[in-house]
>>> print(open('upload_8.cif').read())   # mmCIF, C-alpha atoms
data_model
#
loop_
_atom_site.label_atom_id
_atom_site.label_comp_id
_atom_site.auth_asym_id
_atom_site.auth_seq_id
_atom_site.Cartn_x
_atom_site.Cartn_y
_atom_site.Cartn_z
CA MET L 1 9.56 53.60 58.71
CA ALA L 2 7.99 50.56 60.33
CA ILE L 3 8.76 47.04 59.19
CA PRO L 4 6.58 46.24 56.15
CA GLU L 5 5.33 42.95 57.65
CA GLN L 6 3.67 44.90 60.46
CA LEU L 7 1.74 47.19 58.18
CA ILE L 8 -1.65 46.57 56.65
CA ILE L 9 -2.83 48.45 53.61
CA CYS L 10 -6.58 48.67 53.12
CA GLU L 11 -7.18 47.19 49.69
CA HIS L 12 -10.32 49.25 49.20
CA CYS L 13 -8.91 52.72 49.87
CA ASP L 14 -5.11 52.47 50.35
CA CYS L 15 -5.00 53.60 54.00
CA VAL L 16 -2.05 52.25 56.00
CA TYR L 17 -2.39 50.77 59.48
CA GLN L 18 -0.25 48.98 62.06
CA ARG L 19 -1.08 45.32 62.50
CA VAL L 20 -2.65 44.52 65.90
CA ALA L 21 -3.20 41.29 67.82
CA LEU L 22 -6.85 40.26 67.86
CA ALA L 23 -8.88 38.45 70.49
CA PRO L 24 -11.48 35.84 69.50
CA HIS L 25 -14.43 37.20 67.45
CA GLN L 26 -12.68 40.53 66.92
CA LYS L 27 -11.99 42.16 63.61
CA THR L 28 -10.55 45.49 62.54
CA LEU L 29 -12.22 47.84 60.09
CA CYS L 30 -10.78 50.63 57.98
CA VAL L 31 -11.87 53.97 59.48
CA ARG L 32 -12.19 55.58 56.07
CA CYS L 33 -14.04 53.06 53.92
CA GLY L 34 -15.23 50.46 56.42
CA ALA L 35 -13.55 47.45 54.81
CA VAL L 36 -12.41 44.56 56.99
CA LEU L 37 -8.65 44.74 57.56
CA GLN L 38 -8.04 41.82 59.89
CA ARG L 39 -10.29 39.08 61.14
CA TYR L 40 -9.55 36.77 64.04
CA ASN L 41 -8.83 33.22 63.04
CA GLY L 42 -8.21 30.81 65.86
CA LEU L 43 -7.02 27.87 63.79
CA THR L 44 -3.54 26.50 64.34
CA VAL L 45 -1.53 24.93 61.54
CA GLN L 46 -2.37 21.49 62.91
CA GLN L 47 -6.09 22.17 62.93
CA ARG L 48 -5.96 23.65 59.45
CA LEU L 49 -4.13 20.62 58.13
CA ALA L 50 -6.59 18.25 59.80
CA LEU L 51 -9.52 20.14 58.28
CA SER L 52 -7.83 20.12 54.86
CA VAL L 53 -7.39 16.35 54.99
CA ALA L 54 -11.05 16.04 56.00
CA ALA L 55 -11.92 18.25 53.03
CA ALA L 56 -9.94 15.96 50.72
CA VAL L 57 -11.93 12.95 51.93
CA LEU L 58 -15.21 14.85 51.54
CA TRP L 59 -14.19 15.89 48.02
CA LEU L 60 -13.71 12.21 47.14
CA PHE L 61 -17.14 11.35 48.56
CA ALA L 62 -18.79 14.30 46.82
CA ASN L 63 -17.36 13.19 43.49
CA ALA L 64 -17.59 9.41 43.81
CA TYR L 65 -21.19 9.20 44.99
CA PRO L 66 -24.28 10.48 43.20
CA VAL L 67 -25.53 13.88 44.31
CA MET L 68 -29.06 12.62 43.90
CA SER L 69 -31.08 9.94 42.22
CA ILE L 70 -34.55 9.97 40.68
CA SER L 71 -37.11 7.37 39.80
CA LEU L 72 -40.00 7.54 37.37
CA GLN L 73 -42.39 4.63 36.84
CA GLY L 74 -39.80 2.07 37.85
CA LEU L 75 -36.95 3.67 35.89
CA LYS L 76 -34.05 4.86 38.01
CA ASN L 77 -31.22 7.27 37.32
CA SER L 78 -28.58 9.01 39.38
CA ALA L 79 -26.03 11.72 38.67
CA THR L 80 -22.65 12.66 40.11
CA LEU L 81 -21.04 16.08 39.80
CA TRP L 82 -19.05 14.83 36.81
CA ASP L 83 -22.24 13.57 35.12
CA SER L 84 -23.70 17.05 35.35
CA VAL L 85 -20.58 18.54 33.79
CA LEU L 86 -20.86 15.99 30.97
CA ALA L 87 -24.53 16.87 30.49
CA LEU L 88 -23.42 20.41 29.62
CA SER L 89 -20.60 19.31 27.35
CA GLN L 90 -22.73 18.24 24.41
CA GLY L 91 -23.32 20.46 21.41
CA PRO L 92 -22.24 24.06 20.99
CA ILE L 93 -22.24 24.86 24.69
CA THR L 94 -19.11 22.87 25.63
CA PHE L 95 -17.39 25.99 26.93
CA ILE L 96 -19.82 26.29 29.80
CA ALA L 97 -19.10 22.67 30.79
CA MET L 98 -15.49 23.72 31.29
CA VAL L 99 -16.53 26.66 33.48
CA ALA L 100 -18.78 24.36 35.52
CA ALA L 101 -16.06 21.72 35.86
CA ILE L 102 -13.58 24.31 37.10
CA SER L 103 -15.98 25.87 39.58
CA ILE L 104 -17.35 22.75 41.23
CA ILE L 105 -14.68 20.07 40.76
CA ILE L 106 -11.26 21.27 39.63
CA ALA L 107 -10.81 24.50 41.62
CA PRO L 108 -11.85 22.93 44.97
CA ALA L 109 -9.59 19.93 44.29
CA PHE L 110 -6.57 22.12 43.64
CA GLN L 111 -7.37 24.29 46.65
CA VAL L 112 -7.44 21.26 48.94
CA LEU L 113 -4.28 19.74 47.46
CA LEU L 114 -2.36 23.01 47.69
CA LEU L 115 -3.52 23.52 51.27
CA ILE L 116 -2.40 20.04 52.32
CA TRP L 117 0.94 20.53 50.57
CA VAL L 118 1.66 23.93 52.08
CA LEU L 119 0.32 23.12 55.56
CA GLY L 120 2.04 19.73 55.70
CA TYR L 121 5.39 21.45 55.37
CA ALA L 122 4.32 24.24 57.71
CA LEU L 123 3.63 21.62 60.37
CA ALA L 124 7.27 20.57 60.16
CA GLU L 125 8.12 24.29 60.38
CA ARG L 126 9.42 24.37 56.86
CA ARG L 127 8.44 26.13 53.68
CA SER L 128 7.18 23.77 51.04
CA PRO L 129 8.92 23.61 47.67
CA ALA L 130 7.31 26.11 45.30
CA PHE L 131 5.71 27.83 48.31
CA LYS L 132 5.28 31.16 46.49
CA LEU L 133 3.66 29.49 43.51
CA CYS L 134 1.27 27.49 45.71
CA MET L 135 0.22 30.53 47.73
CA ARG L 136 -0.42 32.56 44.59
CA GLY L 137 -2.33 29.62 43.16
CA LEU L 138 -4.61 29.55 46.20
CA GLU L 139 -5.19 33.26 45.79
CA THR L 140 -6.10 32.90 42.10
CA LEU L 141 -8.38 29.91 42.60
CA ARG L 142 -10.49 31.39 45.40
CA PRO L 143 -13.01 33.43 43.37
CA TRP L 144 -13.60 30.55 40.92
CA SER L 145 -14.43 27.92 43.49
CA MET L 146 -18.22 27.84 43.77
CA LEU L 147 -19.16 24.87 45.92
CA GLU L 148 -21.73 26.74 47.99
CA VAL L 149 -23.47 27.86 44.80
CA CYS L 150 -23.47 24.24 43.65
CA LEU L 151 -25.03 23.19 46.95
CA LEU L 152 -27.88 25.68 46.57
CA GLY L 153 -28.19 24.60 42.92
CA ALA L 154 -28.57 20.96 43.95
CA MET L 155 -31.30 21.90 46.40
CA VAL L 156 -33.13 23.93 43.78
CA ALA L 157 -32.83 20.95 41.40
CA VAL L 158 -34.43 18.71 44.04
CA PHE L 159 -37.45 21.03 44.21
CA LYS L 160 -37.57 21.45 40.46
CA LEU L 161 -37.81 17.70 39.88
CA ALA L 162 -39.89 16.81 42.93
CA GLY L 163 -42.98 17.99 41.05
CA MET L 164 -42.65 15.48 38.21
CA LEU L 165 -40.91 12.46 39.78
CA ASP L 166 -39.44 10.95 42.96
CA VAL L 167 -36.15 12.48 44.06
CA LEU L 168 -33.72 11.00 46.57
CA PRO L 169 -30.76 13.07 47.80
CA GLY L 170 -27.56 10.97 47.75
CA ILE L 171 -24.38 10.69 49.79
CA GLY L 172 -22.75 13.08 47.32
CA LEU L 173 -25.12 15.86 48.38
CA LEU L 174 -24.29 15.44 52.08
CA ALA L 175 -20.56 15.43 51.30
CA LEU L 176 -21.03 18.50 49.10
CA ALA L 177 -22.81 20.32 51.92
CA ALA L 178 -20.08 19.51 54.45
CA LEU L 179 -17.29 20.29 51.98
CA SER L 180 -18.69 23.67 51.00
CA LEU L 181 -18.95 24.74 54.66
CA LEU L 182 -15.44 23.47 55.36
CA MET L 183 -13.97 25.32 52.38
CA ILE L 184 -15.35 28.63 53.65
CA ARG L 185 -13.44 28.03 56.89
CA ILE L 186 -10.10 26.82 55.52
CA ALA L 187 -9.65 28.32 52.06
CA GLY L 188 -10.38 31.94 52.99
CA ARG L 189 -7.84 34.68 52.71
CA ASP L 190 -6.46 34.23 56.23
CA ILE L 191 -4.25 31.50 54.76
CA ARG L 192 -2.02 34.50 54.06
CA ASP L 193 -0.91 34.20 57.71
CA LEU L 194 1.46 31.47 56.52
CA TRP L 195 3.64 34.14 54.94
CA ASP L 196 4.54 35.36 58.42
CA THR L 197 5.87 32.01 59.59
CA PRO L 198 9.31 31.18 58.23
CA MET Y 1 -10.59 65.03 56.89
CA ASN Y 2 -8.96 62.99 59.63
CA ARG Y 3 -7.66 59.77 58.16
CA PRO Y 4 -4.57 57.56 58.27
CA ALA Y 5 -1.83 58.14 55.70
CA THR Y 6 -2.28 56.30 52.45
CA ALA Y 7 0.13 53.86 50.88
CA SER Y 8 0.97 56.16 47.99
CA GLU Y 9 1.81 59.00 50.39
CA LEU Y 10 4.20 56.70 52.28
CA GLY Y 11 5.76 55.30 49.12
CA LEU Y 12 4.23 51.87 49.73
CA CYS Y 13 2.26 49.56 47.49
CA LEU Y 14 -0.08 46.72 48.41
CA CYS Y 15 0.75 43.34 46.90
CA HIS Y 16 -2.57 41.94 45.71
CA SER Y 17 -1.42 38.37 46.03
CA CYS Y 18 0.08 38.15 49.52
CA GLY Y 19 -0.99 41.44 51.11
CA LEU Y 20 2.54 42.67 51.85
CA ALA Y 21 3.14 46.41 52.11
CA CYS Y 22 5.95 46.75 49.57
CA ASP Y 23 8.45 49.59 49.68
CA MET Y 24 8.35 51.32 46.29
CA ARG Y 25 11.53 53.38 46.65
CA GLY Y 26 13.58 51.13 44.36
CA GLU Y 27 10.65 50.95 41.89
CA PRO Y 28 10.43 47.14 42.21
CA GLN Y 29 8.42 45.36 39.52
CA TYR Y 30 7.61 42.32 41.61
CA CYS Y 31 6.64 41.69 45.22
CA PRO Y 32 9.80 40.78 47.16
CA ARG Y 33 7.88 38.18 49.15
CA CYS Y 34 5.71 36.32 46.63
CA ASP Y 35 7.06 37.50 43.23
CA ALA Y 36 3.64 38.65 42.01
CA PRO Y 37 3.75 41.71 39.70
CA LEU Y 38 3.27 44.95 41.61
CA HIS Y 39 1.28 47.98 40.50
CA ARG Y 40 -0.01 50.89 42.51
CA ARG Y 41 -3.40 50.64 40.83
CA LYS Y 42 -4.80 47.75 38.81
CA ILE Y 43 -3.57 48.16 35.24
CA ASP Y 44 -5.95 49.94 32.89
CA SER Y 45 -8.69 49.33 35.43
CA LEU Y 46 -11.45 51.52 34.01
CA ASN Y 47 -11.11 50.38 30.40
CA ARG Y 48 -10.97 46.72 31.32
CA THR Y 49 -13.92 46.98 33.66
CA TRP Y 50 -15.97 48.74 30.97
CA ALA Y 51 -14.96 46.19 28.35
CA TYR Y 52 -15.90 43.16 30.44
CA LEU Y 53 -19.08 44.86 31.61
CA LEU Y 54 -20.26 45.67 28.08
CA ALA Y 55 -19.39 42.15 26.92
CA GLY Y 56 -21.46 40.80 29.80
CA LEU Y 57 -24.32 43.14 28.97
CA ALA Y 58 -24.27 42.03 25.32
CA PHE Y 59 -24.57 38.38 26.38
CA TYR Y 60 -27.28 39.20 28.94
CA VAL Y 61 -29.80 39.70 26.12
CA PRO Y 62 -29.52 36.23 24.48
CA ALA Y 63 -29.11 34.70 27.94
CA ASN Y 64 -32.60 35.84 28.83
CA LEU Y 65 -34.28 35.46 25.44
CA LEU Y 66 -32.95 32.09 24.30
CA PRO Y 67 -34.12 28.84 25.92
CA VAL Y 68 -31.82 27.44 28.61
CA MET Y 69 -33.28 23.97 28.56
CA ASN Y 70 -35.66 21.68 26.75
CA THR Y 71 -38.01 19.32 28.56
CA THR Y 72 -39.48 16.38 26.69
CA MET Y 73 -42.38 14.58 28.32
CA LEU Y 74 -43.86 11.59 26.49
CA GLY Y 75 -42.74 12.85 23.12
CA SER Y 76 -43.85 16.46 23.39
CA GLY Y 77 -40.98 18.85 24.02
CA ALA Y 78 -40.98 22.39 25.37
CA ASP Y 79 -38.21 24.97 25.61
CA SER Y 80 -37.94 27.05 28.73
CA THR Y 81 -36.12 30.29 29.35
CA ILE Y 82 -34.88 31.44 32.75
CA MET Y 83 -37.90 33.67 33.27
CA SER Y 84 -40.36 30.94 32.29
CA GLY Y 85 -38.70 28.65 34.86
CA VAL Y 86 -39.24 31.29 37.52
CA LEU Y 87 -42.88 31.76 36.49
CA GLU Y 88 -43.49 28.03 36.54
CA PHE Y 89 -42.35 27.76 40.16
CA TRP Y 90 -44.41 30.84 41.01
CA GLN Y 91 -47.58 29.40 39.50
CA HIS Y 92 -47.10 26.13 41.35
CA GLY Y 93 -47.01 28.03 44.63
CA ALA Y 94 -43.28 27.54 45.20
CA TRP Y 95 -42.71 31.27 45.53
CA ASP Y 96 -39.58 30.78 47.64
CA ILE Y 97 -37.77 28.78 44.95
CA ALA Y 98 -39.04 31.19 42.32
CA LEU Y 99 -37.59 34.04 44.34
CA ILE Y 100 -34.19 32.33 44.77
CA ILE Y 101 -33.88 31.71 41.02
CA PHE Y 102 -35.11 35.18 40.16
CA ILE Y 103 -32.63 36.85 42.52
CA ALA Y 104 -29.66 34.71 41.51
CA SER Y 105 -30.28 34.67 37.76
CA ILE Y 106 -31.95 37.93 36.84
CA ALA Y 107 -31.60 40.39 39.72
CA VAL Y 108 -27.93 39.73 40.60
CA PRO Y 109 -26.54 40.29 37.07
CA GLY Y 110 -28.85 43.30 36.72
CA ILE Y 111 -27.63 44.80 40.00
CA LYS Y 112 -24.03 44.20 38.92
CA PHE Y 113 -24.52 46.07 35.64
CA VAL Y 114 -26.11 49.03 37.39
CA VAL Y 115 -23.66 49.21 40.30
CA LEU Y 116 -20.50 48.77 38.24
CA SER Y 117 -21.65 51.38 35.70
CA LEU Y 118 -22.44 53.74 38.56
CA LEU Y 119 -19.00 53.18 40.10
CA LEU Y 120 -17.24 53.60 36.75
CA ILE Y 121 -19.06 56.80 35.86
CA THR Y 122 -18.59 58.41 39.28
CA VAL Y 123 -14.88 57.50 39.28
CA GLN Y 124 -14.43 58.92 35.78
CA ARG Y 125 -16.08 62.16 36.86
CA GLY Y 126 -13.79 62.30 39.89
CA SER Y 127 -16.84 62.55 42.08
CA ALA Y 128 -16.44 62.89 45.86
CA TRP Y 129 -20.05 61.89 46.44
CA ALA Y 130 -20.81 59.14 49.00
CA ARG Y 131 -17.38 57.53 48.95
CA PRO Y 132 -17.85 55.13 51.90
CA GLU Y 133 -21.19 54.03 50.47
CA ARG Y 134 -19.68 53.42 47.04
CA SER Y 135 -16.90 51.36 48.66
CA LYS Y 136 -19.60 49.33 50.35
CA LEU Y 137 -21.44 48.87 47.06
CA TYR Y 138 -18.30 47.51 45.45
CA ARG Y 139 -17.80 44.98 48.24
CA PHE Y 140 -21.45 43.97 47.87
CA VAL Y 141 -21.00 43.36 44.13
CA GLU Y 142 -17.88 41.27 44.81
CA LEU Y 143 -19.80 39.23 47.35
CA ILE Y 144 -22.87 38.43 45.25
CA GLY Y 145 -20.91 37.96 42.01
CA TYR Y 146 -20.73 34.22 41.59
CA TRP Y 147 -24.20 33.31 42.86
CA SER Y 148 -25.50 33.77 39.34
CA MET Y 149 -23.83 30.48 38.41
CA LEU Y 150 -26.78 28.90 40.23
CA ASP Y 151 -28.93 28.39 37.16
CA VAL Y 152 -26.09 26.90 35.13
CA LEU Y 153 -25.51 24.28 37.82
CA VAL Y 154 -29.24 23.58 38.23
CA VAL Y 155 -29.62 22.97 34.49
CA ALA Y 156 -26.51 20.74 34.50
CA LEU Y 157 -27.80 18.57 37.34
CA VAL Y 158 -31.33 18.32 36.04
CA ALA Y 159 -30.12 17.47 32.53
CA ALA Y 160 -27.77 14.82 33.90
CA LEU Y 161 -30.57 13.21 35.90
CA VAL Y 162 -33.57 13.17 33.60
CA LYS Y 163 -32.45 10.85 30.81
CA PHE Y 164 -35.28 8.40 30.13
CA GLN Y 165 -35.23 8.64 26.34
CA ALA Y 166 -38.78 8.68 24.99
CA LEU Y 167 -40.49 8.87 28.35
CA SER Y 168 -38.85 11.98 29.64
CA ASP Y 169 -35.68 13.84 28.76
CA ILE Y 170 -34.15 17.19 29.67
CA GLU Y 171 -31.43 18.78 27.57
CA PRO Y 172 -29.49 22.01 28.05
CA ARG Y 173 -29.94 24.66 25.36
CA VAL Y 174 -27.70 27.40 24.04
CA GLY Y 175 -29.12 30.10 26.36
CA ILE Y 176 -27.23 28.57 29.27
CA LEU Y 177 -23.93 29.19 27.45
CA PHE Y 178 -24.70 32.91 27.14
CA PHE Y 179 -25.85 32.90 30.70
CA GLY Y 180 -22.58 31.39 31.92
CA LEU Y 181 -20.67 33.94 29.85
CA VAL Y 182 -22.60 36.75 31.55
CA VAL Y 183 -21.48 35.40 34.93
CA VAL Y 184 -17.84 34.99 33.87
CA PHE Y 185 -17.64 38.44 32.25
CA THR Y 186 -19.31 40.27 35.14
CA MET Y 187 -16.96 38.51 37.57
CA LEU Y 188 -13.95 39.56 35.47
CA SER Y 189 -15.38 43.07 35.32
CA ALA Y 190 -15.69 43.33 39.11
CA MET Y 191 -12.17 41.92 39.54
CA SER Y 192 -10.70 44.47 37.10
CA PHE Y 193 -12.22 47.41 38.95
CA ASP Y 194 -9.86 49.01 41.44
CA PRO Y 195 -11.89 50.22 44.46
CA ARG Y 196 -9.06 52.56 45.46
CA LEU Y 197 -9.94 54.72 42.47
CA ILE Y 198 -13.11 55.73 44.34
CA TRP Y 199 -10.87 57.48 46.87
CA ASP Y 200 -8.14 58.70 44.57
CA ASN Y 201 -9.10 62.15 43.37
CA PRO Y 202 -9.86 63.71 46.72
CA ARG Y 203 -6.23 63.43 47.69
CA ALA Y 204 -5.13 65.73 44.91
CA GLN Y 205 -7.93 67.99 46.06
CA GLU Y 206 -6.85 67.85 49.69
CA ARG Y 207 -3.25 68.53 48.78
CA MET Y 208 -4.36 71.57 46.82
CA ASP Y 209 -6.43 72.75 49.76
CA GLU Y 210 -3.41 72.39 51.99
CA ALA Y 211 -1.25 74.33 49.58
CA ASP Y 212 -3.88 77.06 49.51
CA SER Y 213 -3.98 77.36 53.28
CA HIS Y 214 -0.21 77.77 53.61
#
>>> encode(input="upload_8.cif", output="C-alpha cells")
Amino acid sequence: MAIPEQLIICEHCDCVYQRVALAPHQKTLCVRCGAVLQRYNGLTVQQRLALSVAAAVLWLFANAYPVMSISLQGLKNSATLWDSVLALSQGPITFIAMVAAISIIIAPAFQVLLLIWVLGYALAERRSPAFKLCMRGLETLRPWSMLEVCLLGAMVAVFKLAGMLDVLPGIGLLALAALSLLMIRIAGRDIRDLWDTP
Amino acid sequence: MNRPATASELGLCLCHSCGLACDMRGEPQYCPRCDAPLHRRKIDSLNRTWAYLLAGLAFYVPANLLPVMNTTMLGSGADSTIMSGVLEFWQHGAWDIALIIFIASIAVPGIKFVVLSLLLITVQRGSAWARPERSKLYRFVELIGYWSMLDVLVVALVAALVKFQALSDIEPRVGILFFGLVVVFTMLSAMSFDPRLIWDNPRAQERMDEADSH
C-alpha cells in the first residue's frame, strides 16, 4: 500500500486518490462527487507569516477604531466592534452577544495568533510547541470566524441608517474589509500543508 | 460504475482534523499525526443532524414572529421584525438591500431546512437518486451556512450607534436571540451531517451485484 501521506481521501464520498503536484490555478476534483480535493496555493511559509502579521495589525485597527460614526442634529456617536457586542449583551439576549463576540472578534484573533505561532516556528524549520493542538484549534475555529459576514453587515447598517441620519464609515471599517479578505487567503484549509513539513 | 476505491474498501479512514489517510488495521482510536479522535463516519450523524435541525426549526418561528429591534424616534417607539425591516427597505426603493437581507435572513435558513431534511430522508431511505447532485447540495448548504448571522450583526451595530436617549434610540429585542440560535443550530446540524452517507448504500448494492455475477 502507498504511503498514507501521499493519499487523499475525498471527504464527501470516501474515494481514495494519489496526491499530485499542481501548477498555478489548478485544482483537482473528485471524479465521483465533484468535490475539490486539492487546490493550488502558491504561498510560501515566509509569505504566509508576513500576511499573518499584517492580519494581526489589521485586527488591532479593526478593533481599536470605530467601524462607523453617525451624527444627528449636532449629536455624534461612534461604535467599535466591541461596542456592538456590548449593545447585544443587555437583557435576556446576552447569549447572542457571546456568539457575536466569538464570530467577529475572538475567533479571528485566535486564528491570527495561532497562525503566527505555528508559522514563526515553521520559518525556522521547526515544529512549534503544542503544534498538534494549534493545528486542531485552527481547524475548529474556521467555521465560526465570520468577518466577511460582519463586513456585509456593516455595509447594510450604513444603508439602514443613511435614511435617518448622517453616516461616516470609519477606519475600523476599512481595516475590517482588508482583514476579512486576508483571512480568506491565509486561514483556509490549505494550512494543512504544514503537516507535511517536519 | 467506474470509480476509484473507497477508503473503507482499502481499510483507511480520513482524519477530519488534519486530512491524513489513517491505516485502520490496528483499529486506532486517534489519528497518529494530530491525535484527533478517528471514526469512519461521523458519530450518530443522522440523529444529531435531525436533532439540531428540529431545534433550529423550532427557534425559526419566534425568530420571525418576535421583534428583533425597537426604534424610538422622538419618544414614539416601534418594534420591527426581520420581515418588516425587509419591507421597509423595499418600500423606500432600496430593493437591493431588501433582497440581501431577505436572502441572508429568511431564504438561507429556509433553504437549509429544506435541503438538510431532503438529504436526511434520502439517506435514511438508502436512495441512489441523484447522488452527485445531493453531494453538491450539501456543499452549497455548508457554504451559505453562516451568512444568516448578517442580521444579528446589523442589529448589533445599529443598536451600538444610535444611542441619543430621548431623541432617538435603537435597542435589540428578544427575536434576535432566537434568530442567532437558528443560525448556530443549523450550522451545527450541517456539521453533524456526514456527506459520505449519501454514497454509502450503493456499495453494499454493488458488492451484491458482483457476487451475483460470479
>>> closest_residue(input="upload_8.cif", among="L:Glu5, L:Glu139, L:Glu148, L:Asp83", to="Leu176 (chain L)", atoms="only C-alpha atoms")
L:Glu148
>>> closest_atom_pairs(input="upload_8.cif", of="chain L", to="chain Y", cutoff="8 Å", atoms="only C-alpha atoms", output="tab-separated table")
residue	atom	partner	partner_atom	distance
L:Pro4	CA	Y:Ala21	CA	5.3
L:Glu5	CA	Y:Leu20	CA	6.4
L:Leu7	CA	Y:Ala21	CA	6.3
L:Ile8	CA	Y:Ala21	CA	6.6
L:Ile9	CA	Y:Leu14	CA	6.1
L:Glu11	CA	Y:Arg196	CA	7.1
L:His12	CA	Y:Pro195	CA	5.1
L:Cys13	CA	Y:Arg196	CA	4.4
L:Asp14	CA	Y:Thr6	CA	5.2
L:Cys15	CA	Y:Thr6	CA	4.1
L:Val16	CA	Y:Thr6	CA	5.4
L:Tyr17	CA	Y:Pro4	CA	7.2
L:Val31	CA	Y:Arg3	CA	7.3
L:Arg32	CA	Y:Arg3	CA	6.5
L:Cys33	CA	Y:Pro132	CA	4.8
L:Gly34	CA	Y:Pro132	CA	7.0
L:Ala35	CA	Y:Lys136	CA	7.7
L:Ser69	CA	Y:Leu161	CA	7.1
L:Ile70	CA	Y:Leu161	CA	7.0
L:Leu75	CA	Y:Phe164	CA	7.6
L:Asn77	CA	Y:Leu161	CA	6.1
L:Ser78	CA	Y:Leu161	CA	5.8
L:Ala79	CA	Y:Leu161	CA	5.5
L:Leu81	CA	Y:Leu157	CA	7.6
L:Asp83	CA	Y:Ala160	CA	5.8
L:Ser84	CA	Y:Ala156	CA	4.7
L:Val85	CA	Y:Ala156	CA	6.4
L:Leu86	CA	Y:Ala160	CA	7.6
L:Ala87	CA	Y:Ala160	CA	5.1
L:Leu88	CA	Y:Ala156	CA	5.8
L:Pro92	CA	Y:Val174	CA	7.1
L:Ile93	CA	Y:Leu177	CA	5.4
L:Phe95	CA	Y:Leu177	CA	7.3
L:Ile96	CA	Y:Leu177	CA	5.6
L:Val99	CA	Y:Gly180	CA	7.8
L:Ala100	CA	Y:Leu153	CA	7.1
L:Lys132	CA	Y:Cys34	CA	5.2
L:Leu133	CA	Y:Cys34	CA	7.8
L:Met135	CA	Y:Cys18	CA	7.8
L:Arg136	CA	Y:Ser17	CA	6.1
L:Glu139	CA	Y:Ser17	CA	6.4
L:Pro143	CA	Y:Tyr146	CA	8.0
L:Met146	CA	Y:Tyr146	CA	7.2
L:Val149	CA	Y:Leu150	CA	5.7
L:Cys150	CA	Y:Leu153	CA	6.2
L:Leu152	CA	Y:Leu150	CA	7.2
L:Gly153	CA	Y:Val154	CA	4.9
L:Ala154	CA	Y:Val154	CA	6.3
L:Val156	CA	Y:Val154	CA	6.8
L:Ala157	CA	Y:Val154	CA	5.5
L:Phe159	CA	Y:Ile97	CA	7.8
L:Lys160	CA	Y:Phe89	CA	7.9
L:Leu161	CA	Y:Val158	CA	7.6
L:Arg192	CA	Y:Cys18	CA	6.2
L:Trp195	CA	Y:Cys18	CA	7.6
>>> resolve_selection(input="upload_8.cif", expression="the PyMOL selection byres ((chain L and resi 116) around 9)", output="list of chain:residue names")
L:Arg48, L:Leu49, L:Ala50, L:Ser52, L:Val53, L:Ala56, L:Gln111, L:Val112, L:Leu113, L:Leu114, L:Leu115, L:Trp117, L:Val118, L:Leu119, L:Gly120, L:Tyr121
>>> axis_aligned_box(input="upload_8.cif", around="region 177-184 of chain Y", padding_each_side="8 Å", output="JSON")
{"center_x": -21.8, "center_y": 33.0, "center_z": 31.0, "size_x": 24.0, "size_y": 23.6, "size_z": 23.8}
>>> atom_distance(input="upload_8.cif", atom1="CA of Leu57 (chain Y)", atom2="CA of Phe113 (chain Y)")
7.3 Å
>>> residues_around(input="upload_8.cif", residues="Arg142 (chain L)", least_positions_apart="2", cutoff="10 Å", atoms="all atoms listed in the file", output="list of chain:residue names")
L:Ser103, L:Ala107, L:Pro108, L:Gln111, L:Gly137, L:Leu138, L:Glu139, L:Thr140, L:Trp144, L:Ser145, L:Met146, L:Met183, L:Ile184, L:Ala187, L:Gly188, L:Arg189
>>> atom_distance(input="upload_8.cif", atom1="CA of Phe193 (chain Y)", atom2="CA of Ser45 (chain Y)")
5.3 Å
>>> residues_around(input="upload_8.cif", residues="Thr186 (chain Y)", least_positions_apart="4", cutoff="7 Å", atoms="only C-alpha atoms", output="list in words")
Tyr52, Leu53, Gly56, Val182 and Ala190 of chain Y
>>> atom_distance(input="upload_8.cif", atom1="CA of Met98 (chain L)", atom2="CA of Asp44 (chain Y)")
27.9 Å
>>> closest_residue(input="upload_8.cif", among="L:Arg19, L:Gln47, L:Thr80, L:Val167", to="Val67 (chain L)", atoms="only C-alpha atoms")
L:Thr80
>>> resolve_selection(input="upload_8.cif", expression="the PyMOL selection byres ((chain Y and resi 83) around 9)", output="list in words")
Asn64, Leu65, Ser80, Thr81, Ile82, Ser84, Gly85, Val86, Leu87, Glu88, Ile101, Phe102, Ser105 and Ile106 of chain Y
>>> closest_residue(input="upload_8.cif", among="L:Ile102, L:Ala54, L:Ala97, L:Leu141", to="Leu179 (chain L)", atoms="only C-alpha atoms")
L:Ala54
>>> closest_residue(input="upload_8.cif", among="L:Ala109, L:Leu72, L:Ile186, L:Leu173", to="Leu151 (chain L)", atoms="only C-alpha atoms")
L:Leu173
>>> closest_residue(input="upload_8.cif", among="Y:Gly93, Y:Ala166, Y:Leu54, Y:Leu137", to="Leu118 (chain Y)", atoms="all atoms listed in the file")
Y:Leu137
>>> closest_residue(input="upload_8.cif", among="L:Leu165, L:Leu43, L:Ala64, L:Val158", to="Arg185 (chain L)", atoms="all atoms listed in the file")
L:Leu43
